[in-house]
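Before any comments, here is the structure.
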Amino acid sequence: MTSTSTDLHAGGLQRFRHIAIEGPIGVGKSSLARRLAAHLGADLMLEQPAENPFLDRFYEDMPGYAFQTQLFFLFQRVKQVQALAQPGMFSHAVVADFVFAKDALFAKLTLSDDEHRLYTQMYAQVAPQVGDPDLVIWLQASPDTLMQRIARRGLPMERAIEPAYLQRICDAYAEYFERYDGPLFVLGTERFNPVDRDADFHALVERLERFGGPRESFDAPGAAPLV
């Protein structure tokens, strides 16, 4: 992983050209990305799961459709993130609701050994073309909380998700970010709601503006969960 050239000791969020928000399914990545991008006047780059023709079948039959699902996401994300390097494509800062490396994280969880070996070869060919975010915000929540949020948003394709799968995803993110060597802000969302509560959002922005890195965490108490 290449290191960012961002000056972490400079003030304000304007120093971050590419902010990525990550975390497990249902943690609130897209909602927070939308609000933060609007606040910054930044471009918004969201995952497009609805474009993946295999995703519905994956949640119903993970072993049968994992490989097709991962390959579609891999090349979809390559196309999205490569655009960041094109002059004039993004004249403003960008807030994304994913990091490119998440695809390899999910592939390790879902693919068979033979499939994963083949996937890893393809991933190794495209990963060097992708730069790293200037800042990653890692959202955390327990599997029980994630299940509640997934149930509330009621997406048909997510009905088959089980707590054990969410636990594996949470564990995989913890392992990945334990080794992550870029600027990382860890945000607990069990009792903190920067999407729906203005006070929480402004508290988050203030902390991000003072981010000195390389790794900081924030888990303030709040009255409502992030949804």
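Residue numbers start at 1 in each chain; chains themselves are named A, B, ... in the order of the structure tokens; ligands are numbered from 1 in the order shown.
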> Using only C-alpha atoms, which residues sit within 12 Å of region 139-142 of chain A once same-chain residues fewer than 6 positions away are excluded, as a count of residues only?
Replying inline: 46
Report as CSV: every residue of region 92-211 of chain A with an atom at most 9 Å from region 52-58 of chain A, its closest pair of atoms, and their distance in Å to one decimal, counting only C-alpha atoms, with rows sorted by chain and ascending residue number.
```
residue,atom,partner,partner_atom,distance
A:Pro156,CA,A:Asp56,CA,8.3
A:Met157,CA,A:Asp56,CA,5.1
A:Glu158,CA,A:Asp56,CA,8.1
```
May I have the residues from that selection written out with C-alpha atoms, as a short mmCIF file (atom, residue, chain, number, x, y, z; two decimals), in the first residue's frame?
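Contents of the output file again-v7.cif:
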```cif
data_model
loop_
_atom_site.label_atom_id
_atom_site.label_comp_id
_atom_site.auth_asym_id
_atom_site.auth_seq_id
_atom_site.Cartn_x
_atom_site.Cartn_y
_atom_site.Cartn_z
CA PRO A 156 -35.10 -7.47 -0.53
CA MET A 157 -31.63 -8.68 -1.54
CA GLU A 158 -30.39 -8.36 2.07
#
```
Skipping near chain neighbours, those fewer than 5 positions away, what residues fall within 8 Å of Val95 (chain A) using only C-alpha atoms, listed as a tab-separated table (two decimals) with all heavy atoms, in the first residue's frame?
```
chain	number	residue	atom	x	y	z
A	18	HIS	N	-9.42	12.97	-1.38
A	18	HIS	CA	-10.19	11.73	-1.52
A	18	HIS	C	-10.41	11.15	-0.12
A	18	HIS	O	-9.48	10.66	0.52
A	18	HIS	CB	-9.41	10.75	-2.40
A	18	HIS	CG	-10.06	9.40	-2.54
A	18	HIS	ND1	-9.41	8.31	-3.10
A	18	HIS	CD2	-11.30	8.95	-2.22
A	18	HIS	CE1	-10.20	7.26	-3.10
A	18	HIS	NE2	-11.36	7.63	-2.56
A	19	ILE	N	-11.66	11.23	0.36
A	19	ILE	CA	-12.05	10.65	1.63
A	19	ILE	C	-12.90	9.42	1.34
A	19	ILE	O	-13.85	9.48	0.56
A	19	ILE	CB	-12.85	11.64	2.49
A	19	ILE	CG1	-12.00	12.87	2.82
A	19	ILE	CG2	-13.35	10.98	3.77
A	19	ILE	CD1	-12.77	13.98	3.53
A	20	ALA	N	-12.57	8.30	1.97
A	20	ALA	CA	-13.34	7.07	1.80
A	20	ALA	C	-13.93	6.66	3.14
A	20	ALA	O	-13.25	6.69	4.16
A	20	ALA	CB	-12.46	5.96	1.24
A	21	ILE	N	-15.19	6.28	3.13
A	21	ILE	CA	-15.89	5.82	4.33
A	21	ILE	C	-16.12	4.32	4.17
A	21	ILE	O	-16.68	3.87	3.16
A	21	ILE	CB	-17.21	6.57	4.53
A	21	ILE	CG1	-16.93	8.07	4.67
A	21	ILE	CG2	-17.95	6.04	5.75
A	21	ILE	CD1	-18.16	8.93	4.73
A	33	ALA	N	-21.53	9.37	3.76
A	33	ALA	CA	-20.81	9.91	2.60
A	33	ALA	C	-21.62	11.01	1.93
A	33	ALA	O	-21.06	12.05	1.53
A	33	ALA	CB	-20.51	8.78	1.61
A	34	ARG	N	-22.92	10.81	1.80
A	34	ARG	CA	-23.76	11.84	1.17
A	34	ARG	C	-23.73	13.13	1.98
A	34	ARG	O	-23.60	14.22	1.42
A	34	ARG	CB	-25.20	11.33	1.05
A	34	ARG	CG	-25.41	10.26	0.01
A	34	ARG	CD	-26.88	9.95	-0.17
A	34	ARG	NE	-27.10	8.88	-1.14
A	34	ARG	CZ	-27.25	7.60	-0.82
A	34	ARG	NH1	-27.22	7.24	0.47
A	34	ARG	NH2	-27.45	6.70	-1.75
A	36	LEU	N	-21.47	14.18	4.23
A	36	LEU	CA	-20.15	14.79	4.27
A	36	LEU	C	-19.81	15.43	2.93
A	36	LEU	O	-19.24	16.54	2.88
A	36	LEU	CB	-19.10	13.74	4.65
A	36	LEU	CG	-17.69	14.26	4.92
A	36	LEU	CD1	-17.69	15.29	6.04
A	36	LEU	CD2	-16.75	13.10	5.25
A	37	ALA	N	-20.16	14.78	1.83
A	37	ALA	CA	-19.89	15.36	0.51
A	37	ALA	C	-20.67	16.66	0.32
A	37	ALA	O	-20.14	17.65	-0.21
A	37	ALA	CB	-20.26	14.36	-0.58
A	42	ALA	N	-18.17	18.47	-2.13
A	42	ALA	CA	-17.32	17.49	-2.82
A	42	ALA	C	-18.16	16.63	-3.75
A	42	ALA	O	-19.39	16.52	-3.61
A	42	ALA	CB	-16.61	16.61	-1.80
A	43	ASP	N	-17.49	15.99	-4.70
A	43	ASP	CA	-18.15	14.99	-5.54
A	43	ASP	C	-18.39	13.74	-4.71
A	43	ASP	O	-17.61	13.40	-3.82
A	43	ASP	CB	-17.29	14.67	-6.76
A	43	ASP	CG	-17.19	15.84	-7.72
A	43	ASP	OD1	-18.24	16.46	-8.00
A	43	ASP	OD2	-16.08	16.15	-8.18
A	44	LEU	N	-19.45	13.03	-5.03
A	44	LEU	CA	-19.84	11.82	-4.30
A	44	LEU	C	-19.63	10.60	-5.19
A	44	LEU	O	-20.07	10.58	-6.34
A	44	LEU	CB	-21.32	11.92	-3.90
A	44	LEU	CG	-21.91	10.77	-3.09
A	44	LEU	CD1	-21.25	10.67	-1.73
A	44	LEU	CD2	-23.42	10.98	-2.95
A	45	MET	N	-18.91	9.61	-4.65
A	45	MET	CA	-18.68	8.37	-5.39
A	45	MET	C	-19.22	7.22	-4.55
A	45	MET	O	-18.67	6.89	-3.49
A	45	MET	CB	-17.19	8.16	-5.67
A	45	MET	CG	-16.89	6.87	-6.43
A	45	MET	SD	-15.12	6.63	-6.72
A	45	MET	CE	-14.83	7.89	-7.98
```
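CA of Arg77 (chain A) is found 15.3 Å from CA of Thr120 (chain A).
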>> Measuring between only C-alpha atoms, which one of A:Ala38, A:Val205, A:Met62, A:Leu105 shows the shortest distance to Tyr176 (chain A)?
In response: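 Result for the nearest residue to Tyr176 (chain A): A:Leu105.
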>> Let's see if you can do this: from backbone DSSP, list all alpha helix (DSSP H) residues in region 65-165 of chain A, as a VMD selection string.
In response: chain A and resid 65 to 82 102 to 110 113 to 126 143 to 153 163 to 165
>> Among region 3-202 of chain A, which ones does DSSP assign to strand (DSSP E or B) (computed from the backbone)? Answer as a list in words.
In response: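 For region 3-202 of chain A, the strand (DSSP E or B) set is His18, Ile19, Ala20, Ile21, Glu22, Asp43, Leu44, Met45, Val94, Val95, Ala96, Leu135, Val136, Ile137, Trp138, Leu139, Gln140, Leu184, Phe185, Val186, Leu187 and Gly188 of chain A.
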>> I'd like the neighbourhood of Glu216 (chain A) as a list in words, where a residue qualifies if any of its atoms comes within 12 Å (using only C-alpha atoms), though same-chain residues fewer than 4 positions away should be ignored.
In response: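 The filter keeps Leu8, Leu135, Val136, Ile137, Trp138, Gly182, Pro183, Leu184, Phe185, Val186, Leu187, Gly188, Arg207, Leu208, Arg210, Phe211 and Gly212 of chain A.
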Who sits within 10 Å of Ala101 (chain A), only C-alpha atoms, same chain under 5 positions skipped, as an mmCIF file with C-alpha atoms, in the first residue's frame:
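Result saved to result_0.cif:
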```
data_model
loop_
_atom_site.group_PDB
_atom_site.id
_atom_site.type_symbol
_atom_site.label_atom_id
_atom_site.label_comp_id
_atom_site.auth_asym_id
_atom_site.auth_seq_id
_atom_site.Cartn_x
_atom_site.Cartn_y
_atom_site.Cartn_z
ATOM 1 C CA MET A 1 0.000 0.000 0.000
ATOM 2 C CA LEU A 74 -13.795 -5.806 -8.877
ATOM 3 C CA ARG A 77 -14.629 -0.493 -8.703
ATOM 4 C CA PHE A 106 -14.899 -9.871 0.657
ATOM 5 C CA TYR A 123 -6.666 -8.449 -8.463
ATOM 6 C CA ALA A 127 -4.579 -3.021 -7.928
ATOM 7 C CA VAL A 130 -5.508 2.382 -8.051
ATOM 8 C CA ASP A 132 -5.127 5.221 -1.911
ATOM 9 C CA TYR A 176 -7.541 -5.405 7.568
#
```
> Which one of A:Arg35, A:Gly213, A:Leu71, A:Asp181 sits closest to Thr110 (chain A) if you count only C-alpha atoms?
Replying inline: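 For Thr110 (chain A), the nearest of the candidates is A:Leu71.
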>> Just to confirm, what's the straight-line distance from CA of Gln129 (chain A) to CA of Arg117 (chain A) in Å (one decimal)?
In response: 20.1 Å
> Interatomic distance between CA of Phe75 (chain A) and CA of Phe16 (chain A)?
Replying inline: 25.2 Å
